[in-house]
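Chemist: Dropping in query_30.cif, which is mmCIF, C-alpha atoms:
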data_target
#
loop_
_atom_site.label_atom_id
_atom_site.label_comp_id
_atom_site.auth_asym_id
_atom_site.auth_seq_id
_atom_site.Cartn_x
_atom_site.Cartn_y
_atom_site.Cartn_z
CA MET Z 30 92.51 102.48 34.28
CA THR Z 31 90.09 105.40 34.18
CA VAL Z 32 87.40 106.37 31.70
CA GLU Z 33 89.75 109.06 30.41
CA GLU Z 34 92.51 106.54 29.72
CA SER Z 35 90.08 104.11 28.15
CA ASP Z 36 88.79 106.84 25.85
CA LEU Z 37 92.35 107.82 25.03
CA VAL Z 38 93.03 104.29 23.79
CA LEU Z 39 90.15 104.74 21.35
CA VAL Z 40 91.29 108.24 20.39
CA LYS Z 41 94.76 106.97 19.58
CA ARG Z 42 93.29 104.22 17.50
CA VAL Z 43 91.33 106.82 15.52
CA GLN Z 44 94.52 108.79 15.03
CA ARG Z 45 96.17 105.63 13.74
CA GLY Z 46 93.40 105.11 11.21
CA ASP Z 47 90.67 103.15 13.01
CA LYS Z 48 87.44 104.92 12.16
CA THR Z 49 85.33 102.41 14.04
CA ALA Z 50 87.04 103.50 17.26
CA PHE Z 51 85.52 106.95 16.73
CA ASP Z 52 82.16 105.29 16.13
CA LEU Z 53 82.51 103.69 19.56
CA LEU Z 54 83.17 107.08 21.13
CA VAL Z 55 80.14 108.56 19.36
CA ARG Z 56 77.90 105.69 20.46
CA LYS Z 57 79.14 106.05 24.01
CA TYR Z 58 78.63 109.81 24.31
CA GLN Z 59 75.84 110.61 21.84
CA HIS Z 60 73.09 110.69 24.47
CA LYS Z 61 75.14 112.78 26.88
CA VAL Z 62 76.04 115.24 24.14
CA VAL Z 63 72.42 115.57 23.00
CA LYS Z 64 71.36 116.12 26.61
CA LEU Z 65 74.03 118.80 26.96
CA VAL Z 66 72.94 120.57 23.76
CA LEU Z 67 69.33 120.47 24.93
CA ARG Z 68 70.31 123.02 27.56
CA TYR Z 69 70.84 125.49 24.71
CA VAL Z 70 68.14 124.48 22.25
CA ARG Z 71 64.76 123.11 23.19
CA ASN Z 72 64.15 121.31 19.99
CA PRO Z 73 65.36 117.68 20.28
CA ALA Z 74 65.76 117.33 16.52
CA GLU Z 75 67.87 120.46 16.40
CA ALA Z 76 69.86 119.18 19.36
CA GLU Z 77 70.58 116.00 17.44
CA ASP Z 78 71.69 118.02 14.41
CA ILE Z 79 74.03 120.06 16.59
CA ALA Z 80 75.36 116.94 18.28
CA GLN Z 81 76.03 115.40 14.89
CA GLU Z 82 77.85 118.50 13.72
CA ALA Z 83 79.85 118.59 16.94
CA PHE Z 84 80.98 114.98 16.51
CA ILE Z 85 82.01 115.66 12.91
CA LYS Z 86 83.98 118.70 14.05
CA ALA Z 87 85.58 116.59 16.75
CA TYR Z 88 86.62 113.96 14.22
CA ARG Z 89 88.20 116.61 12.02
CA ALA Z 90 90.01 118.13 14.98
CA LEU Z 91 91.04 114.80 16.46
CA PRO Z 92 94.55 114.87 14.93
CA GLN Z 93 95.23 117.90 17.16
CA PHE Z 94 93.89 116.18 20.28
CA ARG Z 95 96.86 115.35 22.50
CA GLY Z 96 95.02 114.02 25.52
CA ASP Z 97 95.74 117.01 27.75
CA SER Z 98 92.12 116.84 28.84
CA ALA Z 99 89.65 113.99 28.89
CA PHE Z 100 88.03 113.22 25.55
CA TYR Z 101 84.51 113.91 26.84
CA THR Z 102 85.59 117.25 28.34
CA TRP Z 103 87.03 118.23 24.98
CA MET Z 104 83.96 116.86 23.19
CA TYR Z 105 81.60 118.74 25.47
CA ARG Z 106 83.43 121.99 24.76
CA ILE Z 107 83.04 121.44 21.02
CA ALA Z 108 79.34 120.66 21.48
CA ILE Z 109 78.73 123.78 23.56
CA ASN Z 110 80.55 125.98 21.05
CA THR Z 111 78.62 124.42 18.18
CA ALA Z 112 75.33 125.01 20.01
CA LYS Z 113 76.25 128.63 20.76
CA ASN Z 114 77.27 129.23 17.16
CA GLN Z 115 74.00 127.73 16.02
CA LEU Z 116 72.07 130.04 18.31
CA ALA Z 117 74.05 133.06 17.11
CA SER Z 118 73.50 132.25 13.45
CA ARG Z 119 69.82 131.66 14.09
CA ASP Z 120 69.59 135.10 15.71
CA ARG Z 121 71.30 136.63 12.69
CA SER Z 122 69.07 134.92 10.17
CA PRO Z 123 65.67 134.04 11.60
CA ILE Z 124 63.87 131.26 9.83
CA ALA Z 125 61.40 132.58 7.32
CA TYR Z 126 58.48 130.42 6.36
CA ASP Z 127 56.67 131.16 3.19
CA LEU Z 128 53.27 130.00 4.26
CA ASP Z 129 49.76 131.11 4.78
CA LEU Z 130 49.15 131.18 8.52
CA ASN Z 131 45.47 131.56 7.85
CA ASP Z 132 45.49 128.08 6.43
CA PRO Z 133 44.90 125.95 9.56
CA GLU Z 134 46.33 122.81 7.99
CA GLU Z 135 49.61 124.43 6.96
CA SER Z 136 49.88 126.32 10.23
CA HIS Z 137 49.43 123.13 12.24
CA SER Z 138 52.10 121.36 10.16
CA VAL Z 139 54.74 124.02 10.90
CA GLN Z 140 53.79 124.25 14.55
CA SER Z 141 54.09 120.52 14.96
CA LYS Z 142 57.52 120.60 13.35
CA LEU Z 143 58.70 123.35 15.65
CA GLN Z 144 57.28 122.01 18.88
CA ASP Z 145 57.31 118.28 18.36
CA PRO Z 146 60.12 117.59 15.98
CA ASP Z 147 60.76 113.97 16.87
CA THR Z 148 58.61 111.56 14.99
CA PRO Z 149 55.91 109.74 16.94
CA GLU Z 150 57.60 106.47 16.06
CA GLY Z 151 60.89 107.70 17.52
CA MET Z 152 59.22 108.89 20.68
CA ALA Z 153 57.37 105.61 21.03
CA LEU Z 154 60.62 103.73 20.60
CA THR Z 155 62.31 105.81 23.26
CA GLU Z 156 59.46 105.25 25.69
CA GLU Z 157 59.46 101.55 24.97
CA ILE Z 158 63.20 101.27 25.61
CA ARG Z 159 62.89 103.23 28.81
CA GLY Z 160 60.08 100.97 29.98
CA ILE Z 161 62.03 97.81 29.19
CA VAL Z 162 65.14 99.04 31.03
CA ASN Z 163 63.21 100.14 34.09
CA SER Z 164 61.26 96.91 34.21
CA ALA Z 165 64.47 94.89 33.80
CA ILE Z 166 66.14 96.85 36.59
CA GLU Z 167 63.24 96.13 38.91
CA GLY Z 168 63.60 92.44 38.21
CA LEU Z 169 67.32 92.34 39.05
CA PRO Z 170 68.72 90.88 42.27
CA GLU Z 171 69.43 93.60 44.82
CA GLU Z 172 73.24 93.46 44.60
CA LEU Z 173 73.18 93.75 40.80
CA LYS Z 174 70.66 96.58 40.92
CA THR Z 175 72.71 98.49 43.50
CA ALA Z 176 75.92 98.04 41.54
CA ILE Z 177 74.49 99.26 38.21
CA VAL Z 178 72.66 102.18 39.83
CA LEU Z 179 75.76 103.33 41.69
CA ARG Z 180 77.68 103.15 38.45
CA GLU Z 181 75.22 104.72 36.01
CA LEU Z 182 73.33 107.15 38.20
CA ASP Z 183 75.96 108.13 40.73
CA GLY Z 184 78.95 107.72 38.43
CA LEU Z 185 81.07 105.91 41.03
CA SER Z 186 84.19 104.01 40.02
CA TYR Z 187 84.44 100.25 40.58
CA GLU Z 188 86.72 100.88 43.53
CA GLU Z 189 84.26 103.27 45.14
CA ILE Z 190 81.39 100.84 44.55
CA ALA Z 191 83.50 98.03 46.05
CA ALA Z 192 84.09 100.14 49.13
CA ALA Z 193 80.40 101.01 49.37
CA MET Z 194 79.25 97.43 48.89
CA GLU Z 195 82.11 95.95 50.91
CA CYS Z 196 83.17 93.52 48.22
CA PRO Z 197 86.17 93.06 45.90
CA VAL Z 198 86.50 95.18 42.76
CA GLY Z 199 86.29 92.01 40.64
CA THR Z 200 82.89 91.25 42.13
CA VAL Z 201 81.71 94.75 41.30
CA ARG Z 202 82.86 94.32 37.73
CA SER Z 203 81.01 91.02 37.51
CA ARG Z 204 77.83 92.40 39.08
CA ILE Z 205 77.69 95.38 36.76
CA PHE Z 206 78.31 93.17 33.76
CA ARG Z 207 75.58 90.72 34.81
CA ALA Z 208 73.12 93.57 35.39
CA ARG Z 209 73.82 94.92 31.91
CA GLU Z 210 73.54 91.50 30.39
CA ALA Z 211 70.13 90.97 31.96
CA ILE Z 212 68.82 94.31 30.68
CA ASP Z 213 70.43 93.83 27.30
CA LYS Z 214 68.82 90.42 26.96
CA ARG Z 215 65.39 92.02 27.37
CA LEU Z 216 66.26 94.70 24.84
CA ARG Z 217 67.48 92.14 22.33
CA GLU Z 218 64.26 90.16 22.75
CA VAL Z 219 62.23 93.24 21.83
CA PHE Z 220 64.47 94.60 19.13
CA GLU Z 221 65.67 91.77 17.00
CA GLY Z 222 69.30 92.35 16.10
CA GLY Z 223 69.63 94.92 18.87
CA LEU Z 224 69.05 98.64 18.68
CA GLY Z 225 71.67 98.69 15.97
CA ARG Z 226 70.62 101.16 13.32
CA THR Z 227 67.24 102.36 14.44
CA GLU Z 228 67.08 104.96 11.65
CA GLU Z 229 65.50 102.34 9.42
CA MET Z 230 63.07 101.42 12.18
CA VAL Z 231 62.11 105.04 12.71
CA MET C 891 84.81 82.69 26.72
CA THR C 892 82.05 84.92 25.30
CA GLU C 893 81.00 85.89 28.81
CA GLU C 894 84.54 86.88 29.67
CA ARG C 895 84.74 88.93 26.47
CA ASP C 896 81.42 90.64 27.22
CA SER C 897 82.59 91.29 30.76
CA GLN C 898 85.67 92.98 29.31
CA LEU C 899 83.41 95.07 27.06
CA SER C 900 81.37 96.21 30.05
CA ALA C 901 84.52 97.06 32.01
CA MET C 902 85.99 98.93 29.05
CA PHE C 903 82.78 100.93 28.69
CA ASP C 904 83.23 102.01 32.30
CA GLY C 905 86.93 102.72 31.82
CA GLU C 906 87.85 99.93 34.24
CA LEU C 907 89.73 97.60 31.90
CA PRO C 908 93.53 97.47 32.06
CA ALA C 909 95.22 99.35 29.20
CA GLY C 910 96.65 96.26 27.50
CA GLU C 911 93.30 94.47 27.44
CA CYS C 912 91.61 97.67 26.35
CA GLU C 913 93.84 97.93 23.27
CA LEU C 914 93.23 94.28 22.36
CA LEU C 915 89.48 94.63 22.79
CA ALA C 916 89.40 97.84 20.75
CA ARG C 917 91.18 95.97 17.97
CA ARG C 918 88.60 93.23 18.15
CA LEU C 919 85.74 95.73 18.18
CA ALA C 920 86.98 97.20 14.91
CA LYS C 921 86.04 93.92 13.24
CA ASP C 922 82.98 92.93 15.26
CA GLU C 923 79.80 94.83 14.53
CA ALA C 924 77.79 92.68 16.94
CA GLN C 925 79.99 93.75 19.84
CA ARG C 926 79.80 97.37 18.74
CA ALA C 927 75.99 97.07 18.78
CA GLN C 928 76.26 95.67 22.29
CA TRP C 929 78.42 98.65 23.25
CA SER C 930 75.66 100.87 21.85
CA ARG C 931 73.07 99.14 24.00
CA TYR C 932 75.19 99.66 27.10
CA SER C 933 75.11 103.35 26.29
CA VAL C 934 71.34 103.26 25.84
CA ILE C 935 70.87 101.43 29.14
CA GLY C 936 72.81 104.16 30.94
CA ALA C 937 70.80 106.92 29.25
CA ALA C 938 67.53 105.18 30.07
CA LEU C 939 68.53 104.78 33.72
CA ARG C 940 69.43 108.42 33.97
CA ALA C 941 66.04 109.24 32.46
CA GLU C 942 67.53 111.92 30.24
CA ARG C 943 64.45 113.79 29.17
CA GLY C 944 64.23 114.79 25.55
CA VAL C 945 67.03 112.41 24.60
CA ALA C 946 65.89 109.82 22.13
CA LEU C 947 67.07 106.37 23.19
CA HIS C 948 68.40 105.22 19.88
CA ASP C 949 71.67 105.70 18.12
CA ARG C 950 70.45 107.87 15.28
CA VAL C 951 73.14 110.46 15.96
CA ALA C 952 75.84 107.80 15.79
CA TRP C 953 74.34 106.44 12.59
CA ARG C 954 74.24 109.88 10.98
CA VAL C 955 77.75 110.71 12.12
CA GLN C 956 79.03 107.43 10.73
CA ASN C 957 77.39 108.16 7.38
CA ALA C 958 78.78 111.70 7.30
CA LEU C 959 82.25 110.49 8.16
CA ALA C 960 82.21 107.86 5.43
CA GLN C 961 83.50 110.57 3.09
CA GLU C 962 86.11 111.77 5.55
CA PRO C 963 89.69 110.61 5.29
CA VAL C 964 91.14 108.00 7.58
CA TYR C 965 93.95 109.27 9.76
CA GLY C 966 97.28 107.59 10.16
CA GLU C 967 98.09 104.30 8.55
CA GLY C 968 96.00 101.14 8.52
CA GLY C 969 94.77 101.02 12.07
CA SER C 970 91.75 98.94 11.17
CA ALA C 971 90.57 96.49 8.63
CA ASP C 972 88.35 99.01 6.88
CA SER C 973 90.85 101.83 6.78
CA ALA C 974 91.98 101.40 3.24
CA ALA C 975 91.47 105.02 2.28
CA PRO C 976 94.57 107.18 2.14
CA ALA C 977 95.24 109.53 4.99
CA ARG C 978 94.58 113.22 4.49
CA SER C 979 95.92 114.57 7.71
CA PRO C 980 97.96 111.88 9.39
CA VAL C 981 99.05 112.58 12.89
CA ALA C 982 100.10 109.66 14.94
CA SER C 983 102.39 107.72 12.63
CA PRO C 984 105.88 109.06 11.93
CA ALA C 985 105.37 108.61 8.19
CA GLY C 986 102.17 110.57 8.41
CA ARG C 987 103.85 113.31 10.40
CA SER C 988 106.64 113.64 7.87
CA ALA C 989 104.16 113.78 5.02
CA GLN C 990 102.22 116.47 6.82
CA SER C 991 105.32 118.51 7.62
CA SER C 992 106.59 118.23 4.04
CA GLU C 993 103.20 119.39 2.77
CA ARG C 994 103.35 122.31 5.21
CA TRP C 995 106.93 123.11 4.06
CA MET C 996 105.90 123.03 0.41
CA ARG C 997 103.04 125.41 1.13
CA PHE C 998 105.49 127.77 2.84
CA ALA C 999 108.25 127.51 0.24
CA ARG C 1000 106.12 127.74 -2.90
CA PRO C 1001 106.05 131.58 -3.08
CA PHE C 1002 109.79 131.78 -2.45
CA ALA C 1003 110.47 129.22 -5.16
CA GLY C 1004 108.48 131.33 -7.60
CA ALA C 1005 110.36 134.47 -6.59
CA SER C 1006 113.70 132.66 -6.96
CA ILE C 1007 112.85 131.54 -10.47
CA ALA C 1008 111.76 135.06 -11.40
CA ALA C 1009 114.97 136.51 -9.94
CA GLY C 1010 117.06 133.97 -11.85
CA VAL C 1011 115.37 134.82 -15.13
CA ALA C 1012 115.86 138.53 -14.43
CA ALA C 1013 119.56 138.04 -13.66
CA VAL C 1014 120.13 136.05 -16.86
CA SER C 1015 118.29 138.72 -18.85
CA ILE C 1016 120.39 141.53 -17.33
CA LEU C 1017 123.63 139.70 -18.04
CA TRP C 1018 122.58 139.01 -21.60
CA LEU C 1019 121.55 142.63 -22.17
CA ARG C 1020 124.82 143.92 -20.75
CA ASN C 1021 126.71 141.68 -23.12
CA GLN C 1022 124.64 143.01 -25.99
CA GLU C 1023 125.31 146.63 -24.99
CA ALA C 1024 129.06 146.30 -24.60
CA PRO C 1025 130.66 149.34 -26.35
CA ALA C 1026 132.38 148.54 -29.60
CA PRO C 1027 135.71 150.20 -28.85
CA LEU C 1028 136.12 148.14 -25.72
CA MET C 1029 135.91 145.02 -27.75
CA ALA C 1030 139.43 145.67 -28.85
CA ASN C 1031 140.38 145.82 -25.22
CA SER C 1032 138.82 142.52 -24.39
CA THR C 1033 140.97 140.01 -22.61
CA ALA C 1034 139.28 137.26 -24.53
CA PRO C 1035 141.22 135.92 -27.45
CA VAL C 1036 140.01 137.20 -30.78
CA ALA C 1037 140.10 134.59 -33.45
CA ALA C 1038 138.84 136.44 -36.45
CA SER C 1039 140.56 139.40 -38.00
CA GLU C 1040 137.37 141.21 -38.78
CA ILE C 1041 134.12 141.43 -36.88
CA THR C 1042 131.17 142.69 -38.76
CA GLN C 1043 128.65 144.37 -36.56
CA GLY C 1044 125.65 146.34 -37.66
CA ALA C 1045 126.41 148.96 -40.22
CA GLY C 1046 130.12 149.15 -39.65
CA THR C 1047 133.01 146.81 -39.75
CA LEU C 1048 135.24 146.57 -36.81
CA VAL C 1049 138.72 146.17 -37.92
CA ALA C 1050 140.42 143.35 -36.27
CA VAL C 1051 142.73 143.95 -33.49
CA ASP C 1052 146.09 142.73 -32.65
CA THR C 1053 145.37 139.47 -30.94
CA SER C 1054 148.52 139.56 -28.94
CA ALA C 1055 147.57 142.95 -27.60
CA ALA C 1056 144.11 141.73 -26.94
CA ARG C 1057 145.44 138.89 -24.87
CA THR C 1058 147.60 141.25 -22.84
CA PRO C 1059 145.83 142.63 -19.82
CA ILE C 1060 145.87 146.40 -19.62
CA SER C 1061 146.64 147.63 -16.18
CA ASN C 1062 145.33 151.21 -16.29
CA GLY C 1063 142.07 150.30 -17.91
CA GLU C 1064 142.72 152.59 -20.86
CA PRO C 1065 142.65 150.98 -24.27
CA ASP C 1066 145.85 151.31 -26.19
CA ARG C 1067 144.06 151.46 -29.47
CA TYR C 1068 140.63 152.33 -30.71
CA VAL C 1069 139.08 151.00 -33.79
CA THR C 1070 137.29 153.49 -35.96
CA PRO C 1071 134.33 152.23 -37.95
CA GLN C 1072 134.75 152.35 -41.67
CA PRO C 1073 132.45 154.63 -43.68
CA SER C 1074 129.21 152.98 -44.43
CA ASN C 1075 127.42 152.90 -47.71
CA GLN C 1076 124.08 152.65 -45.99
CA THR C 1077 121.86 155.71 -45.78
CA SER C 1078 121.72 157.55 -42.52
CA ILE C 1079 119.39 160.19 -41.24
CA ALA C 1080 122.11 161.95 -39.30
CA PRO C 1081 124.10 164.45 -41.38
CA PRO C 1082 127.76 163.77 -41.98
CA ALA C 1083 129.99 164.92 -39.16
CA ARG C 1084 132.04 167.26 -41.30
CA LEU C 1085 128.94 169.05 -42.55
CA ALA C 1086 127.51 169.37 -39.08
CA ASN C 1087 130.80 170.78 -37.82
CA TYR C 1088 130.73 173.23 -40.63
CA VAL C 1089 127.22 174.42 -39.79
CA VAL C 1090 128.06 174.83 -36.12
CA ALA C 1091 131.19 176.76 -36.88
CA HIS C 1092 129.42 178.86 -39.45
CA SER C 1093 126.48 179.68 -37.22
CA GLU C 1094 128.84 181.04 -34.63
CA TYR C 1095 129.81 183.93 -36.84
CA SER C 1096 127.03 184.27 -39.36
CA GLY C 1097 123.84 186.26 -39.05
CA PRO C 1098 120.47 184.68 -38.36
CA LEU C 1099 119.37 184.79 -41.98
CA SER C 1100 122.47 183.18 -43.41
CA ARG C 1101 122.43 180.60 -40.56
CA ARG C 1102 118.90 179.69 -41.42
CA LEU C 1103 119.77 179.37 -45.06
CA ALA C 1104 122.69 177.12 -44.17
CA LEU C 1105 120.45 174.96 -41.98
CA LEU C 1106 117.85 174.75 -44.70
CA GLY C 1107 120.52 173.70 -47.10
CA LEU C 1108 121.71 171.06 -44.67
CA VAL C 1109 118.25 169.67 -44.08
CA ALA C 1110 117.33 169.78 -47.73
CA THR C 1111 120.49 167.99 -48.68
CA ASP C 1112 119.97 164.40 -49.56
CA PRO C 1113 122.00 162.32 -47.12
CA THR C 1114 123.28 160.27 -49.97
CA ASP C 1115 124.74 163.47 -51.33
CA ALA C 1116 126.44 164.25 -48.07
CA GLY C 1117 129.43 162.32 -49.11
CA GLY C 1118 129.42 164.32 -52.30
CA LEU C 1119 130.09 167.62 -50.65
CA PRO C 1120 133.03 169.42 -52.03
CA GLU C 1121 136.19 168.28 -50.43
CA ASN C 1122 137.08 171.83 -49.59
CA ALA C 1123 133.94 172.44 -47.55
CA ASP C 1124 135.62 171.47 -44.37
CA THR C 1125 138.67 173.34 -45.40
CA ASP C 1126 136.63 176.46 -46.12
CA ALA C 1127 135.08 176.27 -42.74
CA THR C 1128 138.46 175.88 -41.15
CA ILE C 1129 139.81 178.80 -43.07
CA ASP C 1130 136.79 180.84 -42.17
CA MET C 1131 137.23 180.05 -38.51
CA GLU C 1132 140.96 180.81 -38.63
CA ALA C 1133 140.16 184.11 -40.23
CA ASN C 1134 137.72 184.89 -37.50
CA ASP C 1135 140.24 183.92 -34.85
CA ALA C 1136 142.73 186.24 -36.45
CA ARG C 1137 140.24 189.05 -36.17
#
Show me the file's structure as C-alpha cells.
Modeler:
Amino acid sequence: MTVEESDLVLVKRVQRGDKTAFDLLVRKYQHKVVKLVLRYVRNPAEAEDIAQEAFIKAYRALPQFRGDSAFYTWMYRIAINTAKNQLASRDRSPIAYDLDLNDPEESHSVQSKLQDPDTPEGMALTEEIRGIVNSAIEGLPEELKTAIVLRELDGLSYEEIAAAMECPVGTVRSRIFRAREAIDKRLREVFEGGLGRTEEMV
Amino acid sequence: MTEERDSQLSAMFDGELPAGECELLARRLAKDEAQRAQWSRYSVIGAALRAERGVALHDRVAWRVQNALAQEPVYGEGGSADSAAPARSPVASPAGRSAQSSERWMRFARPFAGASIAAGVAAVSILWLRNQEAPAPLMANSTAPVAASEITQGAGTLVAVDTSAARTPISNGEPDRYVTPQPSNQTSIAPPARLANYVVAHSEYSGPLSRRLALLGLVATDPTDAGGLPENADTDATIDMEANDAR
C-alpha cells in the first residue's frame, strides 16, 4: 500500500461520514501545507490562516474528490490557489491602519504584528519541540536513526529503505516505529498529555 | 498488543499498512483520541526532522480547522460514532447519492412545474370564457340535450327549442332554426331597430337640414318611448323608399 492509497482510505471514510478521518489528514499534512503557503506569504500567521482556509475548502470539496490524483497533490493545489487568491485580494485592498505612526508605542505594536506574528510562547514551543526531537534522534541507535532519517528526510518507501539497509521490510517497519516511539516518549514527558491541543498552551 | 497497534499506526502514517488493516485502524482511530494525538506527534516529529523553517511545530491549524468544521455537515451516512448530524451533501452512499440527485432534479424541475401550473390555469380560463361567450343562436343547435323549455339569459328569453332537433346532429353546420329574443321591457340605450332603419332610409333622400332634424328627434326621443312610435312609421318609411325607387 502507498501513501496515496492510505490517504484514500481516510478520504473515503470522510465521504462516508467520518469527520475524524479528515482531522487525521489535516494533522498529517498541516505542517507541509503551511510550509508550502510560506512560499507565497512571508507571514507565518497569515500562512496558517491560509492553510486553515485551504483545509476547509478541501473538506467542502471532498465529495467531488474521486481519487484521480493523490490527496496531498489535490490538497496542495487548493492551498496554492487559496494563497494566490489571498495575495490578489490583498493587492486589491491594501490593509489600512488607522494609527498615528508618530506614536512610537503604537508604531512598534503594528510592526511587531506584521513582522513577528507568531507569539513568543508559540515560537518557544516550536524551538523546544525541535530541540527535543533532535536530541532524541541523536540518542537513537544507528539503525533506528538511519531508518527514520531515510523515511522522513529522504522520503523513501519501506521497500527502498529495506534495499538500502539490506534488511527485510518488516524490520524497517519495526525500526521506524521504534525510532518514533523513542522520540514520542521524550515529547510526552515534556508535554503532559502530548502536543494535543496546544492552542490552550499558547 | 498496544505495541503492535502503535506499529500499525506508524506504518499507516507512512502509507505502508495493508488496505484491510488500514480500514480497521481508521475505524479505531475515529473513537480513540489518544491515538489521534499520537498520530499528530508523528507528524510533528517529521516536521521537526525536516527543520521546516517558519512552521510552528504544534497542531494549531488542525485545531482551528476542527473547530471550523464543527458547524459543517457530515457527509454520507454514519461513518463514525460522532457523525450523528444529517448529511448535507452526501456522496459515497447510494442513499446519499439518490437524495442529492433528487434535490438536483427538484431544483431543475421547479420552474417548469410553475410554468405548467400557470399554463393549466390559463387553459381552464380560456375554456371557461369560450363557454361563456358561446353565441345564443347556436345554443339551439347544440348537440347536448336541452331539458328545460325556456332558458332565461340576460335581458332576453330564449325560447326553448325542439329537443329532438337539438339531439339530432346537423351535418352541414347550419342551424335549422334560430331563436329570436323576445322584446324586452328593460331600457336600452340603443334606439329601436325600426326607428334606426327609418332614419337611415330617410337620410338617404333627405337634405342635410331635415336629416339633422330627424337625428335630433331620434336622439331626443326617450328610449322608453321608442316602442310608442306610431305603428305606421316603418310603413311610411317603406312607402317613402318605394316612392323614391319609383322615381
Chemist: Give as a PyMOL selection string the residues that the PyMOL selection byres ((chain Z and resi 81) around 10) matches when applied to the coordinates above.
Modeler: (chain Z and resi 55+59+62-63+75-80+82-87+108+111) or (chain C and resi 950-956+958)
Chemist: For the file shown, what are the residues hit by the PyMOL selection byres ((chain Z) within 7 of (chain C)), laid out as an MDAnalysis selection string?
Modeler: chainID Z and resid 30:32 35 38:39 42:50 52:53 55:57 59:60 63:64 73 77 81 84:85 92 152 155 158:159 162 181:182 202:203 206 209 213 223:228
Chemist: Using all atoms listed in the file, can you tell me which of Z:Val40, Z:Ala193, Z:Val219, Z:Ile205 comes closest to Arg95 (chain Z)?
Modeler: Z:Val40
Chemist: Report, in Å to a single decimal, how far apart CA of Asp183 (chain Z) and CA of Leu169 (chain Z) are.
Modeler: 18.1 Å
Chemist: To test the calculation: enclose all listed atoms of region 168-182 of chain Z in a box whose edges run along x, y and z, add 6 Å on each side, then state centre and edge lengths in Å to one decimal, as JSON.
Modeler:
{"center_x": 70.6, "center_y": 99.0, "center_z": 40.4, "size_x": 26.1, "size_y": 28.3, "size_z": 20.8}
Chemist: What's the separation between CA of Ala208 (chain Z) and CA of Ala176 (chain Z), in Å to one decimal place?
Modeler: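 Straight-line distance from CA of Ala208 (chain Z) to CA of Ala176 (chain Z) works out to 8.1 Å.
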Chemist: Enter the distance from CA of Asn1021 (chain C) to CA of Ser1006 (chain C), in Å, rounded to one decimal.
Modeler: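 Answer for the CA of Asn1021 (chain C) to CA of Ser1006 (chain C) separation: 22.6 Å.
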Chemist: The PyMOL selection byres ((chain Z and resi 116) around 12) - which residues does that actually catch in the file I just gave you? List them as a PyMOL selection string.
Modeler: chain Z and resi 66-72+75-76+79+109-115+117-124
